[in-house]
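Q: start04.tsv (TSV, C-alpha atoms) pasted underneath:
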chain	number	residue	atom	x	y	z
A	165	MET	CA	40.94	127.81	214.88
A	166	SER	CA	41.84	126.84	218.44
A	167	ALA	CA	44.99	125.10	217.16
A	168	VAL	CA	46.01	128.20	215.18
A	169	LEU	CA	45.39	130.49	218.14
A	170	GLY	CA	46.84	128.17	220.76
A	171	CYS	CA	43.73	127.88	222.91
A	172	GLU	CA	41.13	125.30	223.84
A	173	PRO	CA	37.91	125.04	221.78
A	174	GLU	CA	36.00	125.14	225.06
A	175	TRP	CA	37.48	128.57	225.84
A	176	ILE	CA	36.23	129.94	222.51
A	177	ARG	CA	32.82	128.37	223.12
A	178	SER	CA	32.52	129.74	226.65
A	179	VAL	CA	33.53	133.34	225.88
A	180	SER	CA	31.66	133.66	222.57
A	181	GLY	CA	29.33	130.74	221.89
A	182	ILE	CA	31.20	129.98	218.66
A	183	GLU	CA	31.74	126.32	217.76
A	184	GLU	CA	32.63	126.60	214.09
A	185	ARG	CA	32.95	129.15	211.29
A	186	ARG	CA	33.39	129.38	207.54
A	187	PHE	CA	36.47	130.85	205.83
A	188	GLY	CA	36.25	131.62	202.12
A	189	GLY	CA	38.91	130.38	199.72
A	190	GLU	CA	41.46	132.60	197.98
A	191	GLU	CA	39.15	132.93	194.98
A	192	ASP	CA	36.27	134.17	197.13
A	193	THR	CA	35.91	137.93	197.46
A	194	VAL	CA	33.49	140.18	199.28
A	195	ALA	CA	31.83	140.82	195.91
A	196	SER	CA	31.64	137.17	194.81
A	197	MET	CA	30.16	136.05	198.13
A	198	GLY	CA	27.76	138.98	198.09
A	199	ALA	CA	26.67	138.16	194.53
A	200	ASN	CA	25.95	134.54	195.51
A	201	ALA	CA	23.79	135.65	198.44
A	202	ALA	CA	22.03	138.21	196.23
A	203	ARG	CA	21.27	135.58	193.56
A	204	ASN	CA	19.76	133.26	196.18
A	205	CYS	CA	17.71	136.13	197.57
A	206	LEU	CA	16.33	137.24	194.19
A	207	SER	CA	15.62	133.65	193.21
A	208	ALA	CA	13.66	133.07	196.44
A	209	ALA	CA	11.73	136.29	195.84
A	210	GLY	CA	11.08	135.44	192.18
A	211	VAL	CA	12.55	138.76	191.06
A	212	GLU	CA	14.84	139.21	188.06
A	213	PRO	CA	18.08	141.20	188.60
A	214	GLY	CA	16.94	143.59	185.88
A	215	ASP	CA	13.94	144.54	188.01
A	216	VAL	CA	16.03	145.72	190.97
A	217	GLY	CA	15.92	149.52	191.25
A	218	TYR	CA	18.73	150.23	193.71
A	219	LEU	CA	21.51	148.21	195.33
A	220	ILE	CA	23.06	148.86	198.74
A	221	CYS	CA	26.06	146.84	199.85
A	222	SER	CA	27.43	146.84	203.38
A	223	SER	CA	30.96	145.61	204.04
A	224	GLY	CA	33.70	146.53	206.47
A	225	SER	CA	36.12	144.14	204.80
A	226	ALA	CA	36.11	145.33	201.18
A	227	GLU	CA	39.39	144.67	199.38
A	228	ARG	CA	39.86	148.20	198.08
A	229	ARG	CA	38.96	151.77	198.93
A	230	PHE	CA	36.86	152.32	195.82
A	231	PRO	CA	34.80	151.33	194.01
A	232	GLY	CA	33.12	149.23	196.66
A	233	PRO	CA	31.93	145.63	196.14
A	234	GLY	CA	28.37	146.76	195.42
A	235	PHE	CA	29.34	147.71	191.86
A	236	GLU	CA	30.82	144.29	191.12
A	237	ILE	CA	27.78	142.63	192.66
A	238	SER	CA	25.43	144.69	190.50
A	239	HIS	CA	27.45	143.76	187.40
A	240	ALA	CA	27.70	140.06	188.35
A	241	LEU	CA	23.93	139.87	188.85
A	242	GLY	CA	23.20	141.58	185.55
A	243	CYS	CA	21.32	144.48	187.07
A	244	ALA	CA	20.42	147.42	184.86
A	245	GLU	CA	22.37	150.68	185.23
A	246	ILE	CA	20.94	151.27	188.68
A	247	PRO	CA	22.42	153.34	191.52
A	248	VAL	CA	24.79	151.51	193.86
A	249	LEU	CA	25.63	152.60	197.38
A	250	ASP	CA	28.45	150.97	199.37
A	251	LEU	CA	28.39	151.31	203.14
A	252	PRO	CA	31.76	150.62	204.87
A	253	LEU	CA	30.05	150.17	208.21
A	254	ALA	CA	30.94	146.67	209.48
A	255	SER	CA	28.65	145.14	212.12
A	256	ALA	CA	25.76	147.60	212.09
A	257	GLY	CA	25.82	147.98	208.30
A	258	ALA	CA	23.01	145.64	207.32
A	259	LEU	CA	20.44	147.34	209.54
A	260	VAL	CA	21.59	150.81	208.46
A	261	ALA	CA	21.15	149.62	204.86
A	262	LEU	CA	17.67	148.26	205.60
A	263	ASP	CA	16.77	151.55	207.27
A	264	LEU	CA	17.85	153.44	204.14
A	265	ALA	CA	16.07	150.96	201.89
A	266	ARG	CA	12.86	151.56	203.80
A	267	ASP	CA	12.86	155.12	202.47
A	268	LEU	CA	14.48	154.50	199.09
A	269	VAL	CA	11.93	151.87	198.11
A	270	ARG	CA	9.32	154.58	197.58
A	271	ARG	CA	11.44	155.99	194.75
A	272	TYR	CA	13.06	152.84	193.38
A	273	GLN	CA	10.35	150.16	194.01
A	274	ARG	CA	12.85	147.32	194.69
A	275	VAL	CA	16.00	147.87	196.77
A	276	LEU	CA	18.43	144.99	197.09
A	277	VAL	CA	20.41	145.05	200.34
A	278	VAL	CA	23.56	142.92	200.42
A	279	ALA	CA	25.98	142.49	203.32
A	280	SER	CA	29.17	140.57	202.64
A	281	GLU	CA	32.29	140.13	204.73
A	282	LYS	CA	35.57	138.30	204.27
A	283	MET	CA	36.63	138.66	207.89
A	284	SER	CA	39.16	135.80	207.72
A	285	THR	CA	41.69	138.06	205.96
A	286	ILE	CA	41.34	140.57	208.76
A	287	ALA	CA	41.13	138.10	211.64
A	288	MET	CA	44.32	136.31	210.62
A	289	MET	CA	46.37	139.46	209.99
A	290	GLU	CA	49.60	139.48	212.03
A	291	PRO	CA	50.02	140.11	214.87
A	292	VAL	CA	47.09	137.82	215.64
A	293	GLU	CA	45.29	138.65	218.87
A	294	ARG	CA	43.54	135.56	220.19
A	295	GLY	CA	40.60	137.36	221.79
A	296	VAL	CA	39.77	139.16	218.54
A	297	SER	CA	40.68	136.60	215.88
A	298	MET	CA	38.62	133.83	217.45
A	299	LEU	CA	35.41	135.78	216.87
A	300	PHE	CA	35.19	136.09	213.12
A	301	GLY	CA	34.00	134.15	210.11
A	302	ASP	CA	33.22	134.85	206.44
A	303	GLY	CA	29.72	135.11	205.02
A	304	ALA	CA	27.18	137.07	203.05
A	305	GLY	CA	23.47	137.72	203.21
A	306	ALA	CA	20.92	139.60	201.14
A	307	CYS	CA	17.43	141.00	201.50
A	308	LEU	CA	15.05	142.46	198.93
A	309	VAL	CA	13.06	145.46	200.14
A	310	SER	CA	10.07	145.89	197.88
A	311	GLU	CA	6.79	147.75	197.74
A	312	GLU	CA	5.22	144.40	196.88
A	313	PRO	CA	4.08	142.15	199.75
A	314	GLY	CA	6.68	139.80	201.23
A	315	PRO	CA	6.99	137.70	204.39
A	316	LEU	CA	7.81	140.75	206.54
A	317	GLU	CA	6.63	144.33	206.66
A	318	MET	CA	8.99	147.02	207.96
A	319	VAL	CA	7.05	148.99	210.57
A	320	ASP	CA	9.60	151.36	212.10
A	321	SER	CA	13.33	151.70	212.66
A	322	LEU	CA	15.71	153.63	214.85
A	323	ILE	CA	19.42	154.16	214.18
A	324	ALA	CA	21.81	156.05	216.49
A	325	ALA	CA	25.55	156.68	216.65
A	326	ASP	CA	28.16	158.12	219.02
A	327	GLY	CA	31.54	158.94	217.48
A	328	LYS	CA	33.11	159.31	220.94
A	329	PHE	CA	33.85	155.61	220.66
A	330	ALA	CA	35.23	155.64	217.10
A	331	ASN	CA	38.63	154.37	218.24
A	332	ASP	CA	37.27	151.56	220.40
A	333	LEU	CA	36.41	149.33	217.42
A	334	GLN	CA	38.33	150.09	214.25
A	335	LEU	CA	40.11	148.61	211.27
A	336	PRO	CA	42.93	150.99	210.26
A	337	PHE	CA	44.50	150.71	206.80
A	338	GLY	CA	47.22	148.03	206.79
A	339	ALA	CA	46.85	147.15	210.45
A	340	PRO	CA	44.93	144.51	212.43
A	341	LEU	CA	41.45	145.09	213.75
A	342	GLY	CA	41.58	146.97	217.04
A	343	MET	CA	38.88	146.30	219.60
A	344	ASN	CA	38.45	147.46	223.17
A	345	GLY	CA	36.26	144.52	224.05
A	346	ARG	CA	35.24	145.72	227.51
A	347	THR	CA	34.02	149.05	226.16
A	348	VAL	CA	32.18	147.35	223.29
A	349	ILE	CA	30.37	144.96	225.63
A	350	LEU	CA	29.62	147.65	228.21
A	351	GLN	CA	28.20	150.12	225.70
A	352	ALA	CA	26.32	147.49	223.69
A	353	SER	CA	24.78	146.04	226.85
A	354	ARG	CA	23.24	149.42	227.60
A	355	LYS	CA	22.56	150.92	224.18
A	356	VAL	CA	20.97	147.95	222.41
A	357	PRO	CA	18.23	147.25	225.00
A	358	ARG	CA	17.51	150.99	225.29
A	359	SER	CA	17.24	151.29	221.52
A	360	ILE	CA	14.80	148.38	221.35
A	361	GLU	CA	12.72	149.75	224.23
A	362	ASP	CA	12.57	153.22	222.66
A	363	LEU	CA	11.50	151.76	219.33
A	364	LEU	CA	8.85	149.54	220.89
A	365	SER	CA	7.60	152.27	223.18
A	366	ARG	CA	6.86	154.67	220.34
A	367	ASN	CA	4.93	151.84	218.67
A	368	HIS	CA	2.99	151.13	221.88
A	369	LEU	CA	4.64	147.74	222.34
A	370	LYS	CA	6.63	146.03	225.08
A	371	PRO	CA	9.49	143.53	224.68
A	372	SER	CA	7.10	140.78	225.82
A	373	ASP	CA	4.89	141.61	222.80
A	374	VAL	CA	7.69	140.67	220.37
A	375	ALA	CA	7.66	137.08	219.11
A	376	SER	CA	11.26	137.00	217.86
A	377	PHE	CA	14.43	139.03	218.04
A	378	VAL	CA	17.25	138.74	215.51
A	379	MET	CA	20.45	140.43	216.65
A	380	HIS	CA	23.84	140.95	215.05
A	381	GLN	CA	25.65	137.73	215.88
A	382	ALA	CA	28.62	139.25	217.71
A	383	ASN	CA	28.75	137.09	220.81
A	384	LEU	CA	26.25	134.66	222.33
A	385	ASN	CA	26.91	136.05	225.82
A	386	LEU	CA	26.05	139.56	224.62
A	387	ILE	CA	22.83	138.30	223.03
A	388	ALA	CA	21.89	136.68	226.36
A	389	LYS	CA	22.71	139.89	228.22
A	390	VAL	CA	20.46	141.96	225.93
A	391	ALA	CA	17.64	139.43	226.34
A	392	SER	CA	18.05	139.61	230.11
A	393	ALA	CA	18.02	143.43	230.10
A	394	LEU	CA	14.75	143.36	228.16
A	395	GLY	CA	13.28	140.77	230.50
A	396	VAL	CA	12.62	138.25	227.74
A	397	ASP	CA	13.72	134.64	227.45
A	398	SER	CA	16.95	134.13	225.47
A	399	GLU	CA	15.06	131.55	223.41
A	400	ARG	CA	13.24	134.40	221.69
A	401	PHE	CA	16.58	135.62	220.32
A	402	PHE	CA	17.47	133.64	217.22
A	403	ALA	CA	21.13	132.65	217.31
A	404	ASN	CA	23.33	130.88	214.77
A	405	ILE	CA	26.70	132.29	215.85
A	406	ALA	CA	27.71	128.77	216.95
A	407	ARG	CA	27.99	127.74	213.30
A	408	TYR	CA	29.23	130.89	211.58
A	409	GLY	CA	31.04	133.03	214.15
A	410	ASN	CA	30.77	136.78	213.91
A	411	THR	CA	30.39	137.62	210.21
A	412	SER	CA	30.17	141.35	210.94
A	413	SER	CA	27.53	143.13	208.85
A	414	ALA	CA	26.55	139.90	207.07
A	415	SER	CA	25.49	138.24	210.32
A	416	LEU	CA	22.12	139.99	210.65
A	417	LEU	CA	20.96	138.96	207.17
A	418	ILE	CA	22.33	135.41	207.46
A	419	ALA	CA	20.58	135.03	210.82
A	420	ALA	CA	17.36	136.62	209.52
A	421	SER	CA	17.31	134.27	206.54
A	422	GLU	CA	17.77	131.17	208.70
A	423	TRP	CA	15.27	132.47	211.25
A	424	LEU	CA	12.63	132.95	208.54
A	425	GLN	CA	13.28	129.48	207.12
A	426	THR	CA	13.26	127.69	210.48
A	427	SER	CA	11.25	129.56	213.13
A	428	GLY	CA	9.35	131.89	210.83
A	429	ILE	CA	6.74	134.40	211.87
A	430	ARG	CA	2.95	134.35	211.87
A	431	LYS	CA	0.70	137.02	210.44
A	432	ASN	CA	0.67	140.16	212.62
A	433	GLU	CA	3.37	138.82	214.95
A	434	HIS	CA	6.16	141.30	215.63
A	435	ALA	CA	9.89	140.78	215.26
A	436	VAL	CA	12.82	143.06	216.05
A	437	PHE	CA	16.15	143.18	214.24
A	438	THR	CA	18.92	144.86	216.20
A	439	VAL	CA	22.62	145.66	215.75
A	440	PHE	CA	25.62	147.25	217.41
A	441	GLY	CA	28.94	147.99	215.76
A	442	ALA	CA	31.87	150.24	215.02
A	443	GLY	CA	31.33	153.95	215.39
A	444	PHE	CA	29.69	153.13	217.71
A	445	GLN	CA	26.50	152.77	215.73
A	446	TRP	CA	23.47	150.81	216.85
A	447	GLY	CA	19.79	150.50	216.22
A	448	ALA	CA	16.67	148.41	215.93
A	449	MET	CA	13.97	147.73	213.35
A	450	LEU	CA	10.41	146.63	214.10
A	451	LEU	CA	8.87	144.20	211.61
A	452	ARG	CA	5.50	142.49	211.33
A	453	GLY	CA	4.55	139.16	209.78
A	454	THR	CA	2.26	139.53	206.76
B	150	MET	CA	38.71	148.97	253.84
B	151	THR	CA	36.17	151.77	254.36
B	152	ASP	CA	32.45	151.15	254.73
B	153	ARG	CA	31.93	152.48	251.22
B	154	GLN	CA	34.61	150.17	249.84
B	155	GLN	CA	32.95	147.27	251.67
B	156	LYS	CA	29.66	148.17	250.02
B	157	ILE	CA	31.33	148.27	246.59
B	158	LEU	CA	32.99	144.91	247.30
B	159	SER	CA	29.65	143.37	248.21
B	160	LEU	CA	28.22	144.51	244.87
B	161	ILE	CA	31.23	143.12	243.01
B	162	ASN	CA	30.84	139.78	244.80
B	163	LYS	CA	27.13	139.79	244.01
B	164	VAL	CA	27.64	140.10	240.23
B	165	THR	CA	30.71	137.85	240.05
B	166	LYS	CA	29.30	135.25	242.47
B	167	LYS	CA	32.74	135.14	244.07
B	168	SER	CA	33.67	135.63	247.69
B	169	GLU	CA	37.32	136.63	247.68
B	170	THR	CA	38.44	140.07	248.81
B	171	PRO	CA	40.57	141.85	246.21
B	172	SER	CA	42.66	144.66	247.67
B	173	PRO	CA	41.21	148.14	247.03
B	174	ASP	CA	43.86	149.02	244.41
B	175	GLU	CA	43.93	145.62	242.68
B	176	SER	CA	42.88	145.56	239.02
B	177	LEU	CA	39.63	143.62	238.91
B	178	PHE	CA	40.11	142.86	235.22
B	179	GLU	CA	43.78	141.87	235.29
B	180	SER	CA	43.22	139.62	238.29
B	181	GLY	CA	40.37	137.92	236.45
B	182	TYR	CA	37.94	138.90	239.19
B	183	LEU	CA	35.66	140.83	236.86
B	184	ASP	CA	35.03	140.06	233.18
B	185	SER	CA	33.49	142.06	230.33
B	186	PHE	CA	30.07	140.52	230.81
B	187	ALA	CA	29.92	141.09	234.58
B	188	LEU	CA	30.87	144.77	234.22
B	189	PRO	CA	27.44	145.93	232.88
B	190	ASP	CA	25.79	144.13	235.80
B	191	LEU	CA	28.15	145.85	238.25
B	192	VAL	CA	27.32	149.26	236.76
B	193	ALA	CA	23.60	148.53	237.15
B	194	GLU	CA	24.15	147.45	240.78
B	195	LEU	CA	26.15	150.63	241.51
B	196	GLU	CA	23.38	152.78	240.04
B	197	GLU	CA	20.79	151.13	242.23
B	198	ALA	CA	22.84	150.94	245.43
B	199	PHE	CA	24.06	154.54	245.25
B	200	SER	CA	20.91	156.00	243.67
B	201	ILE	CA	22.73	157.49	240.69
B	202	ARG	CA	22.33	157.31	236.93
B	203	ILE	CA	25.68	156.66	235.25
B	204	PRO	CA	25.60	158.19	231.76
B	205	ASP	CA	26.98	156.19	228.83
B	206	SER	CA	29.72	158.80	228.39
B	207	ASP	CA	31.08	157.85	231.85
B	208	LEU	CA	31.14	154.14	231.05
B	209	ASN	CA	34.87	153.77	230.63
B	210	PRO	CA	35.92	150.35	231.97
B	211	ARG	CA	39.04	151.93	233.53
B	212	LYS	CA	36.79	153.83	235.95
B	213	PHE	CA	35.56	150.53	237.31
B	214	ASP	CA	38.83	148.59	237.30
B	215	SER	CA	39.39	148.58	241.08
B	216	ILE	CA	37.48	149.24	244.26
B	217	GLU	CA	39.46	152.46	244.71
B	218	ARG	CA	38.66	153.67	241.19
B	219	ILE	CA	34.97	152.93	241.64
B	220	GLU	CA	35.02	154.81	244.93
B	221	SER	CA	36.82	157.72	243.27
B	222	TYR	CA	34.16	157.84	240.53
B	223	LEU	CA	31.37	157.80	243.11
B	224	ASP	CA	33.15	160.65	244.98
B	225	GLN	CA	33.17	162.71	241.76
B	226	ARG	CA	29.47	162.10	241.40
B	227	GLY	CA	28.98	163.45	244.94
Show me the file's structure as structure tokens.
A:
Amino acid sequence: MSAVLGCEPEWIRSVSGIEERRFGGEEDTVASMGANAARNCLSAAGVEPGDVGYLICSSGSAERRFPGPGFEISHALGCAEIPVLDLPLASAGALVALDLARDLVRRYQRVLVVASEKMSTIAMMEPVERGVSMLFGDGAGACLVSEEPGPLEMVDSLIAADGKFANDLQLPFGAPLGMNGRTVILQASRKVPRSIEDLLSRNHLKPSDVASFVMHQANLNLIAKVASALGVDSERFFANIARYGNTSSASLLIAASEWLQTSGIRKNEHAVFTVFGAGFQWGAMLLRGT
Amino acid sequence: MTDRQQKILSLINKVTKKSETPSPDESLFESGYLDSFALPDLVAELEEAFSIRIPDSDLNPRKFDSIERIESYLDQRG
């Protein structure tokens, strides 16, 4: 990537924490990557696609206006004729989907949340802007929200948005991604810690009570800044952006999956998922180990 | 440089860990003196030093792009 963008790898590492990323091939689509992640998720959960009651798919990089990739994913998995909801939300999308799933699961028993992004197509669109293009990678993640016991219990969630900043992070039709990086960092640095503190406060918890934080993998420096604002060690924030780059809405679920497989969580320990993205939209979810 | 501008400069130097003296109208971003990740720290320092709460709606990086602009914003806040 540094050769393509005409910059040093060390510059990319220092401003973002990114050391490598994955780009899908021409045959890979948002739907095909999402279906692969969903299959892995259902297999790990021991749930058949036919037993899924609702599918939500988040993607800011879908190849067409409609129908969204969620429909192709549902078909590829072999789900029954269940409702599908596509969320074109980019970075914050996975947590917004989980927040919705938390309510929908009471009606539909098993809600499959998929977040899939082919950001390479967007990142390499001409004219390439080095400071934007160097951030992104392709990827997909999935999470099954079920009334049955799993490794994590959703305790509470908080989502907020402020459309005043709608033009500061946007992907117009037929044009490159536009990002006012300073505004994004400034607003995220304030809104994300406040969101987490508000969520914890109403659950009678403090940041120091939380064992692990999993944040949208936008930028390692931003993750460190949020940790600092909360007064917790950066080590408590799981980070895998070094290997995947910013995979937009997929990043939260990819990071959460790797966090569960590597660090994990003990019974009754708390974890917080948190995001910030276009809109601006941001939020946090409190979870507990079961 | 006024006393207030000197105070702003000291806060900028504190968060950037630099010791140069940019001119009051010099763009802190364009000159590379201030970066995106130091800006939130500068805002926090300004809030504490001037006993104000800067609302998110005022957090436009352009308002903090030079010592003069920061001073102008503080003047508006009274």
Q: For a test of reading the model, state the distance in Å between atom CA of A:Ile286 and atom CA of A:Tyr408, rounded to one decimal.
A: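 Result for atom CA of A:Ile286 versus atom CA of A:Tyr408: 15.8 Å, one decimal.
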Q: Fewer than 5 positions away in the same chain doesn't count, so skip those; otherwise give me all residues within 12 Å of A:Arg430, counting all atoms listed in the file, as a list in words.
A: Pro315, Leu316, Glu317, Val374, Ala375, Ser376, Leu424, Ala435, Leu451, Arg452, Gly453 and Thr454 of chain A
Q: What is the distance between atom CA of B:Leu183 and atom CA of B:Val164, in Å to one decimal?
A: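 Atom-to-atom, atom CA of B:Leu183 to atom CA of B:Val164, that is 8.7 Å.
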Q: Kindly determine which residues of chain A lie within 12 Å of chain B, considering all atoms listed in the file, and give the answer as a VMD selection string.
A: chain A and resid 178 to 180 326 to 329 332 344 to 355 358 383 to 390 392 to 393 444
Q: So, with all atoms listed in the file as the atoms that count, which of B:Phe213, B:Ile203, B:Ser172, B:Gln225 lies closest to B:Thr151?
A: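 The answer is B:Ser172, which sits nearest to B:Thr151.
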Q: What's around A:Gly305 at 8 Å? Count all atoms listed in the file, leave out sequence neighbours fewer than 5 positions away in its own chain, and write the answer as a count of residues only.
A: 12
Q: As an exercise, work out the distance from atom CA of A:Pro336 to atom CA of A:Ala442 in Å and give it to one decimal place.
A: 12.1 Å
Q: Which of these residues is nearest to A:Ala403, using only C-alpha atoms: A:Trp446, A:Glu172, A:Ala391, A:Arg266?
A: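 Checking each candidate against A:Ala403, we get A:Ala391 as the closest.
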Q: Considering all atoms listed in the file, can you say which of B:Arg202, B:Lys156, B:Lys212, B:Arg218 comes closest to B:Pro173?
A: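 For B:Pro173, the nearest of the given residues is B:Arg218.
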Q: For B:Arg226, please output as number ranges by chain all residues within 9 Å (counting all atoms listed in the file; exclusion window: fewer than 4 positions along the same chain).
A: B: 201, 221-222
Q: So which residues touch A:Ala209 within 9 Å, counting all atoms listed in the file, skipping near sequence neighbours fewer than 5 positions away, as a PyMOL selection string?
A: chain A and resi 204+308+314
Q: Any chance you can output those residues with C-alpha atoms as a PDB file, keeping the file's coordinate frame?
A:
ATOM      1  CA  ASN A 204      19.760 133.260 196.180  1.00  0.00           C
ATOM      2  CA  LEU A 308      15.050 142.460 198.930  1.00  0.00           C
ATOM      3  CA  GLY A 314       6.680 139.800 201.230  1.00  0.00           C
TER       4      GLY A 314
END
